[in-house]
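The structure appears below as structure tokens.
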Amino acid sequence: MTGQTAGQGAERPADVSPAATRDDRGDGVTGELTIGVLALQGDVREHLRALVECGVRARSVRRPEELDEVDALIIPGGESTTISKLAIEFGLADPIRKRIGEGMPAYGSCAGMIMLAAEVLDGRPDQESFAGIGMAVRRNAFGRQVDSFEAPVRLDGIDGPAFHAVFIRAPWVERVDRDVQVIGTIEAGPAAGRIVAVRQGNLLATAFHPELTGDLRVHRLFVELVRATR
Amino acid sequence: MSENPVSTVSNSVTGTGRVKRGMAEMLKGGVIMDVVTPEQAKIAEDAGAVAVMALERVPADIRAQGGVSRMSDPDMIDGIIAAVSIPVMAKARIGHFVEAQVLQALGVDYVDESEVLTPADYANHIDKWAFTVPFVCGATNLGEALRRITEGAAMIRSKGEAGTGDVSNATTHMRKIRSEIRRLTSMAPDELYVAAKELQAPYELVKEIAETGKLPVVLFTAGGIATPADAAMMMQLGAEGVFVGSGIFKSGNPAQRAAAIVKATTFHDDPDVIAKVSRGLGEAMVGINVDDIPQPHRLAERGW
């Protein structure tokens with residue numbers, strides 16, 4: 001079935017017939033870059049849409065051969081334990097780790113941030129990450145769903161007003177290596193000072209979900225960063 | 001319809017429409033499994049479930065044993081919350097806002113106002129805007145889905161016919177919801193007023209769906225899903241994720257079946273993967289044909 005492009009799980013909605021799911025990938029805009037969104041589980045469609053709005057070709061990635069076709073990868077929000085398990089079982093974990101090691105740019109939001117962390121705190125014992133960013137990330141650090149919140153967050157290196165950041169059972173970054181740049185923290189309240197956005201070279205991670213609010217600035221920054229590597 | 005901030009700490013806000021609906025967005029492409037013990041919850045998490053639904057009896061047992069079915073014992077819910085790190089959902093009876101208040105106090109991540117339990121109010125559903133915790137509700141058609149969204153539901157699922165292992169009603173509900181959405185998208189703007197009247201739903205919401213071609217909240221499927229192929233079929237019919245109730249823990253090999261359903265949901269469009277994961281699963285739940293259930297005992301017909 002490799003001839004059938006992936007991405008249905010992601011962008012589907014338009015039609016329900018299996019035939020129609022064949023080519024409703026997120027692309028449709030031509031660009032010199034192809035950025036993948038890991039599509040094992042989570043809010044894949046929102047990231048694909050944000051990428052297309054940034055003017056690049058976007059495609060979902062569920063198989064190792066699909067990873068080969070992308071210049072960079074976004075790891076979406078979702079359940080990190082599920083994404084980890086599926087990535088291992090379908091042979092994506094090692095290839096993604098390898099690509100990241102070779103310098104492929106990657107951006108992760110929420111569960112994606114967890115997947116990019118060298119160390120995961122409060123994870124499952126069998127949970128694996130793709131590593132990449134030298135940081136320790138604590139899962140569900142802000143609490144349960146009733147504690148999920150929206151708050152303004154300013155990111156270093158991104159101009160304009162504060163992000164309207166949406167945190168959903170979100171993680172935070174507990175420790176970073178010296179070469180990791182902290183670009184965003186919680187500004188007020190009981191969690192003030194907690195790290196919620198980081199960058200290390202070509203790797204970017206946010207504990208919140210810019211893909212849910214239509215604010216494209218983080219995705220634009222990521223696209224720029226990908227362009228700069230080529 | 002937008003936001004209803006429940007509490008504010010400094011400049012951050014909890015319980016907004018966006019964090020409630022956003023939580024469901026994060027569950028997309030995943031499988032939510034009914035569990036009745038912490039041990040089952042662990043099996044579900046091990047298998048790759050994105051969340052578990054804590055309840056006292058799975059629908060198949062509720063159906064077999066009869067009697068009034070209610071919210072679970074808080075001790076049982078606490079035990080399940082302690083056992084797993086993934087989100088925990090729990091069911092409240094239709095209209096039983098105090099059960100929902102209790103579930104919110106226990107810290108569950110989503111409340112299912114469910115027809116599987118005995119309704120507590122035959123006229124009103126819960127005012128879900130009044131809560132910080134988000135709600136998922138069942139629907140058999142678009143009008144029902146929109147009425148639940150109007151009441152504050154942040155996620156919709158098909159009802160199917162729970163506890164049967166017969167997927168036919170879930171199929172009907174998914175097709176119905178999707179076809180009614182498609183119909184709206186093809187209507188002239190001035191026809192939407194009558195459409196809203198017929199759907200018994202607010203015009204603004206009907207207009208929004210006519211424009212976007214999708215519900216404003218995530219749509220999952222539930223009710224009678226028992227095999228990997230059932231889950232994949234629902235995904236191909238437009239579900240954004242799957243609830244599996246009795247289908248897992250009423251089968252021969254729950255751990256393996258649970259993992260297989262998770263994989264089939266992700267690769268719902270790849271028959272090779274579905275074939276592979278469907279091998280050697282042992283016995284599926286025996287099941288009951290929906291047609292054999294007398295009308296008064298059909299759960300999907302509860303709620304309105």
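Ordering of the structure tokens sets the chain letters (A, B, ...), residue numbers begin anew at 1 in every chain, and ligands are numbered from 1 in the order given.
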Check your understanding: Quick one: which residues from chain A are at most 6 Å off chain B, using only C-alpha atoms, as an MDAnalysis selection string?
Key -> chainID A and resid 16 40:43 77:79 82 145:146 148:151 189
Practice item. Considering only C-alpha atoms, return as a list of chain:residue names whatever protein or nucleic-acid residues lie within 12 Å of Arg279 (chain B), sequence-local ones (same chain, fewer than 2 positions apart) excluded. Key: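 Within the cut-off, the hits are B:Thr227, B:Pro228, B:Ala229, B:Asn253, B:Gln256, B:Arg257, B:Ala260, B:Ile261, B:Asp272, B:Val273, B:Ile274, B:Ala275, B:Lys276, B:Val277, B:Leu281, B:Gly282, B:Glu283, B:Ala284.
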Point to revise | Sel. of strand (DSSP E or B) residues, region 197-269 of chain B, as a list in words | key: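 Everything in region 197-269 of chain B that counts as strand (DSSP E or B) is Val218, Leu219, Phe220, Thr221, Val242, Phe243 and Val244 of chain B.
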Output C-alpha atoms for every residue in the selection just made, as a PDB file, in the first residue's frame.
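Done, and the output landed in selection_27.pdb:
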```pdb
ATOM      1  CA  VAL B 218     -13.690  16.448  17.435  1.00  0.00           C
ATOM      2  CA  LEU B 219     -15.874  13.525  16.323  1.00  0.00           C
ATOM      3  CA  PHE B 220     -15.053  10.043  17.629  1.00  0.00           C
ATOM      4  CA  THR B 221     -16.960   6.821  17.166  1.00  0.00           C
ATOM      5  CA  VAL B 242     -12.312   5.388  18.494  1.00  0.00           C
ATOM      6  CA  PHE B 243     -13.871   4.434  21.815  1.00  0.00           C
ATOM      7  CA  VAL B 244     -13.820   0.709  22.512  1.00  0.00           C
TER       8      VAL B 244
END
```
Practice item. List the neighbours of Ala93 (chain A) out to 12 Å using only C-alpha atoms; skip same-chain residues closer than 5 positions along the sequence, and give me the result as number ranges by chain. Key: A: 38, 40, 62-64, 67, 83-88, 98-100, 115-116, 127-131
Review point. If you run DSSP on this backbone, which residues of region 15-83 of chain B come out as helix (DSSP H, G or I), and could you give them as a ChimeraX atom specification?
Key: /B:17-27,38-47,59-65,74-83
Review point. Can you list, as a ChimeraX atom specification, every protein, DNA or RNA residue that comes within 12 Å of Ala145 (chain B) when you count only C-alpha atoms, leaving out same-chain residues fewer than 3 positions away?
Key: /B:136-142,148-159,173-174,176-178,180-181,199-202,205-206,209,214-220,303-304
Could you save those same residues with C-alpha atoms as a JSON list (two decimals), in the first residue's frame?
```json
[["chain", "number", "residue", "atom", "x", "y", "z"],
["B", 136, "VAL", "CA", -17.97, 14.22, 25.50],
["B", 137, "CYS", "CA", -21.53, 13.30, 24.50],
["B", 138, "GLY", "CA", -23.06, 10.70, 22.21],
["B", 139, "ALA", "CA", -25.07, 11.51, 19.10],
["B", 140, "THR", "CA", -26.97, 9.49, 16.54],
["B", 141, "ASN", "CA", -27.35, 12.35, 14.06],
["B", 142, "LEU", "CA", -26.19, 15.90, 13.37],
["B", 148, "ARG", "CA", -24.95, 18.70, 22.76],
["B", 149, "ILE", "CA", -22.40, 21.21, 21.46],
["B", 150, "THR", "CA", -24.81, 24.01, 22.26],
["B", 151, "GLU", "CA", -24.97, 22.70, 25.82],
["B", 152, "GLY", "CA", -21.18, 22.83, 25.99],
["B", 153, "ALA", "CA", -19.95, 19.41, 24.82],
["B", 154, "ALA", "CA", -16.31, 19.73, 23.70],
["B", 155, "MET", "CA", -16.24, 16.40, 21.88],
["B", 156, "ILE", "CA", -18.86, 14.24, 20.17],
["B", 157, "ARG", "CA", -18.97, 10.49, 19.65],
["B", 158, "SER", "CA", -21.40, 8.32, 17.79],
["B", 159, "LYS", "CA", -23.58, 6.30, 20.12],
["B", 173, "HIS", "CA", -24.63, 7.15, 13.13],
["B", 174, "MET", "CA", -21.30, 8.01, 11.51],
["B", 176, "LYS", "CA", -25.77, 9.95, 9.14],
["B", 177, "ILE", "CA", -23.72, 12.69, 10.83],
["B", 178, "ARG", "CA", -21.33, 12.93, 7.90],
["B", 180, "GLU", "CA", -26.03, 15.63, 7.10],
["B", 181, "ILE", "CA", -22.88, 17.76, 7.26],
["B", 199, "LEU", "CA", -32.08, 19.92, 12.84],
["B", 200, "GLN", "CA", -33.46, 21.59, 15.99],
["B", 201, "ALA", "CA", -30.14, 23.32, 16.37],
["B", 202, "PRO", "CA", -29.04, 26.98, 16.57],
["B", 205, "LEU", "CA", -23.89, 26.67, 14.52],
["B", 206, "VAL", "CA", -25.61, 25.31, 11.41],
["B", 209, "ILE", "CA", -20.87, 23.89, 9.74],
["B", 214, "LYS", "CA", -17.02, 19.82, 9.82],
["B", 215, "LEU", "CA", -18.19, 19.84, 13.40],
["B", 216, "PRO", "CA", -16.55, 22.54, 15.53],
["B", 217, "VAL", "CA", -15.43, 19.77, 17.91],
["B", 218, "VAL", "CA", -13.69, 16.45, 17.43],
["B", 219, "LEU", "CA", -15.87, 13.52, 16.32],
["B", 220, "PHE", "CA", -15.05, 10.04, 17.63],
["B", 303, "GLY", "CA", -30.91, 11.04, 24.88],
["B", 304, "TRP", "CA", -32.52, 13.34, 22.39]]
```
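When CA of Gly66 (chain B) is paired with CA of Val290 (chain B), their separation reads 16.6 Å.
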**Study point:** Shell around region 104-108 of chain A at 8 Å using only C-alpha atoms, local window under 3 positions removed, as a list in words
**Key:**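 Listed by chain and then number, they are Asp71, Ala72, Leu73, Ile74, Ile75, Pro76, Gly77, Arg99, Ile100, Gly101, Ala111, Gly112, Met113, Ile114, Met115, Leu116, Asn202, Leu203, Leu204, Ala205, Thr206, Phe222, Leu225 and Val226 of chain A.
Each of B:Ala231, B:Ala188, B:Val286, B:Ala300 was compared to Glu144 (chain B) using only C-alpha atoms, and B:Ala300 turns out to be the nearest.
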